[in-house]
file upload.txt (compact mmCIF, C-alpha atoms and all ligand atoms)
# COMPACT_ATOMS: atom_id res chain seq x y z
CA MET A 1 0.00 0.00 0.00
CA GLN A 2 1.34 3.42 -0.97
CA LYS A 3 -0.44 6.41 0.52
CA LEU A 4 -0.66 9.54 -1.66
CA ILE A 5 -2.26 12.73 -0.47
CA PHE A 6 -4.11 14.61 -3.21
CA ALA A 7 -4.34 18.38 -2.67
CA SER A 8 -8.05 18.60 -3.44
CA ASN A 9 -11.23 18.56 -1.44
CA ASN A 10 -13.41 18.18 -4.52
CA ALA A 11 -15.10 14.83 -3.80
CA HIS A 12 -15.88 14.24 -7.47
CA LYS A 13 -12.28 14.77 -8.55
CA ILE A 14 -10.97 12.57 -5.74
CA GLU A 15 -13.23 9.70 -6.84
CA GLU A 16 -12.12 10.12 -10.48
CA VAL A 17 -8.45 10.01 -9.47
CA ARG A 18 -9.05 7.04 -7.12
CA SER A 19 -10.56 5.01 -9.95
CA ILE A 20 -7.34 5.45 -11.96
CA LEU A 21 -4.82 5.23 -9.12
CA SER A 22 -6.15 2.02 -7.63
CA SER A 23 -4.23 -0.56 -5.56
CA PRO A 24 -1.44 -0.43 -4.37
CA TYR A 25 -2.05 3.32 -4.24
CA VAL A 26 -4.37 4.79 -1.67
CA VAL A 27 -5.46 8.33 -2.47
CA VAL A 28 -6.29 10.41 0.58
CA SER A 29 -7.65 13.96 0.69
CA PRO A 30 -6.28 16.63 3.07
CA LYS A 31 -9.70 16.75 4.76
CA GLU A 32 -9.57 13.01 5.52
CA ILE A 33 -6.36 13.47 7.49
CA GLY A 34 -7.48 16.68 9.18
CA VAL A 35 -5.27 19.00 7.17
CA THR A 36 -6.30 22.37 5.75
CA SER A 37 -4.18 23.81 2.97
CA ASP A 38 -5.63 26.41 0.63
CA PRO A 39 -2.80 28.57 -0.74
CA GLU A 40 -3.48 31.36 -3.22
CA GLU A 41 -3.07 30.08 -6.79
CA SER A 42 -1.12 33.14 -7.87
CA ALA A 43 1.19 31.71 -10.57
CA ASP A 44 0.77 32.55 -14.23
CA THR A 45 1.21 28.95 -15.44
CA LEU A 46 -0.58 25.67 -14.69
CA GLU A 47 2.76 24.21 -13.61
CA GLY A 48 3.31 27.11 -11.19
CA ASN A 49 -0.11 26.74 -9.59
CA ALA A 50 0.18 22.96 -9.25
CA LEU A 51 3.56 23.46 -7.57
CA ILE A 52 2.19 26.13 -5.20
CA LYS A 53 -0.53 23.73 -4.07
CA VAL A 54 1.66 20.65 -3.68
CA ARG A 55 4.49 22.53 -1.92
CA ALA A 56 2.04 24.01 0.60
CA LEU A 57 0.64 20.55 1.32
CA TYR A 58 4.04 18.83 1.50
CA LYS A 59 5.22 21.43 4.01
CA ILE A 60 2.46 20.27 6.35
CA VAL A 61 2.35 16.52 5.71
CA GLN A 62 6.01 15.75 4.84
CA ALA A 63 4.78 12.74 2.86
CA PRO A 64 4.20 11.90 -0.83
CA CYS A 65 1.51 14.16 -2.26
CA PHE A 66 0.32 15.68 -5.50
CA ALA A 67 -1.78 18.55 -6.85
CA ASP A 68 -3.32 19.30 -10.24
CA ASP A 69 -4.23 22.37 -12.25
CA THR A 70 -6.17 22.47 -15.52
CA GLY A 71 -6.77 25.06 -18.20
CA LEU A 72 -8.39 25.41 -21.60
CA GLU A 73 -5.90 26.86 -24.10
CA VAL A 74 -7.37 28.40 -27.26
CA GLU A 75 -5.00 28.91 -30.17
CA ALA A 76 -6.68 32.04 -31.60
CA LEU A 77 -6.49 33.64 -28.14
CA ASN A 78 -2.80 32.87 -27.67
CA GLY A 79 -3.51 30.22 -25.05
CA ALA A 80 -6.22 32.07 -23.10
CA PRO A 81 -8.13 31.49 -20.90
CA GLY A 82 -5.39 29.00 -19.84
CA VAL A 83 -4.39 29.35 -16.22
CA ARG A 84 -7.33 31.75 -15.74
CA SER A 85 -9.96 29.27 -16.99
CA ALA A 86 -11.91 29.15 -13.71
CA ARG A 87 -12.14 32.92 -13.35
CA TYR A 88 -12.06 34.02 -16.99
CA ALA A 89 -15.21 36.17 -16.94
CA SER A 90 -15.14 37.43 -13.35
CA ALA A 91 -13.37 37.18 -10.00
CA GLU A 92 -15.99 34.66 -8.93
CA HIS A 93 -15.95 31.23 -10.57
CA ASP A 94 -18.92 31.24 -12.99
CA ASP A 95 -18.87 28.48 -15.65
CA LYS A 96 -21.78 29.90 -17.65
CA ALA A 97 -20.30 33.40 -17.81
CA ASN A 98 -16.92 31.89 -18.77
CA ARG A 99 -18.43 29.99 -21.72
CA ARG A 100 -20.39 33.04 -22.85
CA LEU A 101 -17.28 35.24 -22.77
CA LEU A 102 -15.21 32.68 -24.66
CA LEU A 103 -17.83 32.36 -27.43
CA LYS A 104 -17.98 36.17 -27.64
CA GLU A 105 -14.19 36.50 -27.88
CA LEU A 106 -14.19 33.93 -30.69
CA SER A 107 -17.25 35.26 -32.53
CA SER A 108 -15.21 36.58 -35.46
CA THR A 109 -12.79 33.63 -35.57
CA PRO A 110 -13.70 31.08 -38.25
CA CYS A 111 -14.13 27.39 -37.37
CA PRO A 112 -12.33 25.22 -36.55
CA ARG A 113 -11.19 27.20 -33.48
CA LYS A 114 -8.40 24.95 -32.25
CA ALA A 115 -8.10 24.46 -28.50
CA ARG A 116 -6.78 22.00 -25.97
CA PHE A 117 -7.42 21.09 -22.38
CA ARG A 118 -4.21 20.68 -20.44
CA THR A 119 -3.83 19.22 -16.95
CA VAL A 120 -0.59 19.45 -15.04
CA ILE A 121 0.10 17.30 -12.00
CA ALA A 122 2.88 18.22 -9.60
CA TYR A 123 4.04 15.35 -7.38
CA ILE A 124 6.46 15.46 -4.45
CA ASP A 125 7.93 12.09 -3.51
CA GLU A 126 9.04 10.75 -0.13
CA ALA A 127 12.50 12.30 -0.64
CA GLY A 128 11.01 15.73 -1.33
CA GLN A 129 11.80 15.60 -5.06
CA GLU A 130 9.36 17.39 -7.37
CA HIS A 131 8.01 15.82 -10.57
CA LEU A 132 5.64 17.24 -13.22
CA PHE A 133 3.23 15.30 -15.43
CA GLU A 134 0.92 16.49 -18.19
CA GLY A 135 -2.25 15.34 -19.93
CA VAL A 136 -3.53 17.01 -23.10
CA VAL A 137 -6.72 16.64 -25.16
CA LYS A 138 -6.79 18.54 -28.45
CA GLY A 139 -10.05 19.64 -30.03
CA GLU A 140 -12.06 22.67 -31.06
CA ILE A 141 -14.47 25.25 -29.67
CA ILE A 142 -17.82 25.09 -31.45
CA LYS A 143 -20.18 28.04 -31.99
CA GLU A 144 -23.03 27.04 -29.67
CA GLU A 145 -23.37 24.98 -26.52
CA ARG A 146 -24.36 21.32 -26.89
CA GLY A 147 -25.03 18.77 -24.15
CA ASN A 148 -26.07 18.82 -20.53
CA CYS A 149 -23.40 16.74 -18.78
CA GLY A 150 -20.07 17.79 -17.34
CA PHE A 151 -19.03 21.24 -16.21
CA GLY A 152 -16.80 24.16 -17.15
CA TYR A 153 -16.24 24.41 -20.91
CA ASP A 154 -17.50 20.86 -21.68
CA SER A 155 -20.52 21.96 -23.73
CA ILE A 156 -18.49 23.99 -26.23
CA PHE A 157 -15.51 21.62 -26.64
CA VAL A 158 -15.40 18.76 -29.16
CA PRO A 159 -12.30 16.55 -28.81
CA MET A 160 -10.39 15.79 -32.02
CA GLY A 161 -11.80 12.73 -33.78
CA ALA A 162 -15.13 12.95 -31.92
CA THR A 163 -18.47 14.39 -33.04
CA GLN A 164 -19.93 14.95 -29.57
CA THR A 165 -18.95 17.64 -27.11
CA PHE A 166 -17.60 16.51 -23.73
CA ALA A 167 -21.03 17.51 -22.34
CA GLU A 168 -22.80 15.13 -24.73
CA MET A 169 -20.66 12.16 -23.66
CA CYS A 170 -21.48 10.05 -20.66
CA GLU A 171 -19.16 10.65 -17.73
CA SER A 172 -17.27 7.38 -18.09
CA GLU A 173 -16.60 8.04 -21.77
CA LYS A 174 -15.20 11.52 -21.09
CA ASN A 175 -13.21 10.27 -18.12
CA SER A 176 -11.53 7.59 -20.25
CA ILE A 177 -10.03 10.12 -22.70
CA SER A 178 -9.79 13.32 -20.70
CA HIS A 179 -6.77 15.50 -20.00
CA ARG A 180 -7.08 14.70 -16.29
CA TYR A 181 -7.17 10.97 -17.03
CA LYS A 182 -4.01 11.23 -19.16
CA ALA A 183 -2.14 13.24 -16.51
CA VAL A 184 -3.07 10.78 -13.75
CA VAL A 185 -2.05 7.84 -15.97
CA ALA A 186 1.34 9.55 -16.54
CA LEU A 187 1.75 9.86 -12.75
CA LYS A 188 0.69 6.22 -12.29
CA GLU A 189 3.20 4.99 -14.88
CA PHE A 190 5.94 6.90 -13.08
CA LEU A 191 4.92 5.48 -9.70
CA ASP A 192 4.65 1.95 -11.14
CA SER A 193 8.12 2.13 -12.68
CA ASN A 194 9.64 3.44 -9.46
CA THR A 195 7.91 0.77 -7.38
CA ALA A 196 9.15 -1.90 -9.80
CA SER A 197 12.76 -0.70 -9.56
CA GLU A 198 12.60 -0.83 -5.75
CA VAL A 199 11.69 -4.55 -5.73
P1 LIG B 201 -9.16 22.92 -12.13
O1 LIG B 201 -7.71 23.27 -12.12
O2 LIG B 201 -9.40 21.46 -12.30
O3 LIG B 201 -9.90 23.50 -10.95
O4 LIG B 201 -9.80 23.57 -13.43
C1 LIG B 201 -9.82 24.98 -13.64
C2 LIG B 201 -10.96 25.34 -14.57
O5 LIG B 201 -10.75 24.75 -15.86
C3 LIG B 201 -12.33 24.82 -14.14
O6 LIG B 201 -12.95 25.72 -13.26
C4 LIG B 201 -13.07 24.75 -15.46
O7 LIG B 201 -13.55 26.01 -15.84
C5 LIG B 201 -11.98 24.32 -16.42
N1 LIG B 201 -11.94 22.86 -16.55
C6 LIG B 201 -11.09 22.00 -15.93
N2 LIG B 201 -11.32 20.74 -16.29
C7 LIG B 201 -12.36 20.79 -17.15
C8 LIG B 201 -13.07 19.77 -17.86
O8 LIG B 201 -12.81 18.57 -17.76
N3 LIG B 201 -14.08 20.21 -18.64
C9 LIG B 201 -14.41 21.52 -18.78
N4 LIG B 201 -13.79 22.49 -18.14
C10 LIG B 201 -12.76 22.14 -17.32
call {"tool": "encode", "arguments": {"input": "upload.txt", "output": "structure tokens", "more": "lines below"}}
Ligand code: IMP
result
Amino acid sequence: MQKLIFASNNAHKIEEVRSILSSPYVVVSPKEIGVTSDPEESADTLEGNALIKVRALYKIVQAPCFADDTGLEVEALNGAPGVRSARYASAEHDDKANRRLLLKELSSTPCPRKARFRTVIAYIDEAGQEHLFEGVVKGEIIKEERGNCGFGYDSIFVPMGATQTFAEMCESEKNSISHRYKAVVALKEFLDSNTASEV
């Protein structure tokens, strides 16, 4: 058994990560071990924010832990909203306002409007070494919202090779190809290879 503390208190995210990082890994949230860590995500890159979160947590727990940060990067907007995806339209997190603003900003950009979701995971191992992992899904931003599932920008994003938006897919389908899935798999492969070399 290898305990990993995940710097998130989003129950949905924790379950998603747990289903990928199954035995011998045991994913624990800060809340479950009575820890509160909520540093300001003040970096201007996904990598920077993931590192801020994992460093703050490691300082408290002194044990293997990881944090993630995700952004939607739109080519015609030079990578925006990117690291500001959650608070693109206003200081308060408002998914609907974010989607509306993005469609407005792209209103004069012809289709296909290339974009990608990118998740970065920062992991600190038992020796205090930092490692970064990435998961990317390329696709495009369509003109009007489609689908009722998911969250964030799901209803305006169609992954490359698909016809449905993320919001038209069932949760398990999205979760098997998503940026977060790919980043967690990259972390898992790293952990697996390190565990194997220790045997
Ligand atoms: P976080 O780093 O996972 O909190 O993601 C930051 C923001 O990116 C979220 O508030 C959403 O707006 C957007 N986002 C992250 N992941 C997804 C996704 O899977 N679908 C749609 N939007 C997402």
call {"tool": "axis_aligned_box", "arguments": {"input": "upload.txt", "around": "ligand LIG 201 (chain B)", "padding_each_side": "8 Å", "output": "JSON"}}
result
{"center_x": -11.1, "center_y": 22.3, "center_z": -14.9, "size_x": 22.7, "size_y": 23.4, "size_z": 23.8}
call {"tool": "residues_near_ligand", "arguments": {"input": "upload.txt", "ligand": "ligand LIG 201 (chain B)", "cutoff": "10 Å", "atoms": "all atoms listed in the file", "output": "JSON, numbers by chain"}}
result
{"A": [8, 10, 13, 41, 46, 49, 50, 67, 68, 69, 70, 71, 72, 73, 81, 82, 83, 84, 85, 86, 87, 88, 93, 94, 95, 96, 98, 99, 117, 118, 119, 120, 121, 137, 149, 150, 151, 152, 153, 154, 155, 156, 157, 166, 167, 174, 175, 178, 179, 180, 181]}
call {"tool": "write_last_selection", "arguments": {"input": "upload.txt", "atoms": "C-alpha atoms", "output": "CSV table (one decimal), keeping the file's coordinate frame"}}
result
chain,number,residue,atom,x,y,z
A,8,SER,CA,-8.0,18.6,-3.4
A,10,ASN,CA,-13.4,18.2,-4.5
A,13,LYS,CA,-12.3,14.8,-8.6
A,41,GLU,CA,-3.1,30.1,-6.8
A,46,LEU,CA,-0.6,25.7,-14.7
A,49,ASN,CA,-0.1,26.7,-9.6
A,50,ALA,CA,0.2,23.0,-9.2
A,67,ALA,CA,-1.8,18.6,-6.8
A,68,ASP,CA,-3.3,19.3,-10.2
A,69,ASP,CA,-4.2,22.4,-12.2
A,70,THR,CA,-6.2,22.5,-15.5
A,71,GLY,CA,-6.8,25.1,-18.2
A,72,LEU,CA,-8.4,25.4,-21.6
A,73,GLU,CA,-5.9,26.9,-24.1
A,81,PRO,CA,-8.1,31.5,-20.9
A,82,GLY,CA,-5.4,29.0,-19.8
A,83,VAL,CA,-4.4,29.4,-16.2
A,84,ARG,CA,-7.3,31.8,-15.7
A,85,SER,CA,-10.0,29.3,-17.0
A,86,ALA,CA,-11.9,29.2,-13.7
A,87,ARG,CA,-12.1,32.9,-13.4
A,88,TYR,CA,-12.1,34.0,-17.0
A,93,HIS,CA,-16.0,31.2,-10.6
A,94,ASP,CA,-18.9,31.2,-13.0
A,95,ASP,CA,-18.9,28.5,-15.6
A,96,LYS,CA,-21.8,29.9,-17.6
A,98,ASN,CA,-16.9,31.9,-18.8
A,99,ARG,CA,-18.4,30.0,-21.7
A,117,PHE,CA,-7.4,21.1,-22.4
A,118,ARG,CA,-4.2,20.7,-20.4
A,119,THR,CA,-3.8,19.2,-17.0
A,120,VAL,CA,-0.6,19.4,-15.0
A,121,ILE,CA,0.1,17.3,-12.0
A,137,VAL,CA,-6.7,16.6,-25.2
A,149,CYS,CA,-23.4,16.7,-18.8
A,150,GLY,CA,-20.1,17.8,-17.3
A,151,PHE,CA,-19.0,21.2,-16.2
A,152,GLY,CA,-16.8,24.2,-17.2
A,153,TYR,CA,-16.2,24.4,-20.9
A,154,ASP,CA,-17.5,20.9,-21.7
A,155,SER,CA,-20.5,22.0,-23.7
A,156,ILE,CA,-18.5,24.0,-26.2
A,157,PHE,CA,-15.5,21.6,-26.6
A,166,PHE,CA,-17.6,16.5,-23.7
A,167,ALA,CA,-21.0,17.5,-22.3
A,174,LYS,CA,-15.2,11.5,-21.1
A,175,ASN,CA,-13.2,10.3,-18.1
A,178,SER,CA,-9.8,13.3,-20.7
A,179,HIS,CA,-6.8,15.5,-20.0
A,180,ARG,CA,-7.1,14.7,-16.3
A,181,TYR,CA,-7.2,11.0,-17.0
call {"tool": "atom_distance", "arguments": {"input": "upload.txt", "atom1": "atom CA of A:Ala162", "atom2": "atom CA of A:Gly135"}}
result
17.8 Å
call {"tool": "atom_distance", "arguments": {"input": "upload.txt", "atom1": "atom CA of A:Gly48", "atom2": "atom CA of A:Cys65"}}
result
15.8 Å
call {"tool": "closest_residue", "arguments": {"input": "upload.txt", "among": "A:Ala183, A:Leu21, A:Ala127, A:Leu57", "to": "A:Gln2", "atoms": "all atoms listed in the file"}}
result
A:Leu21
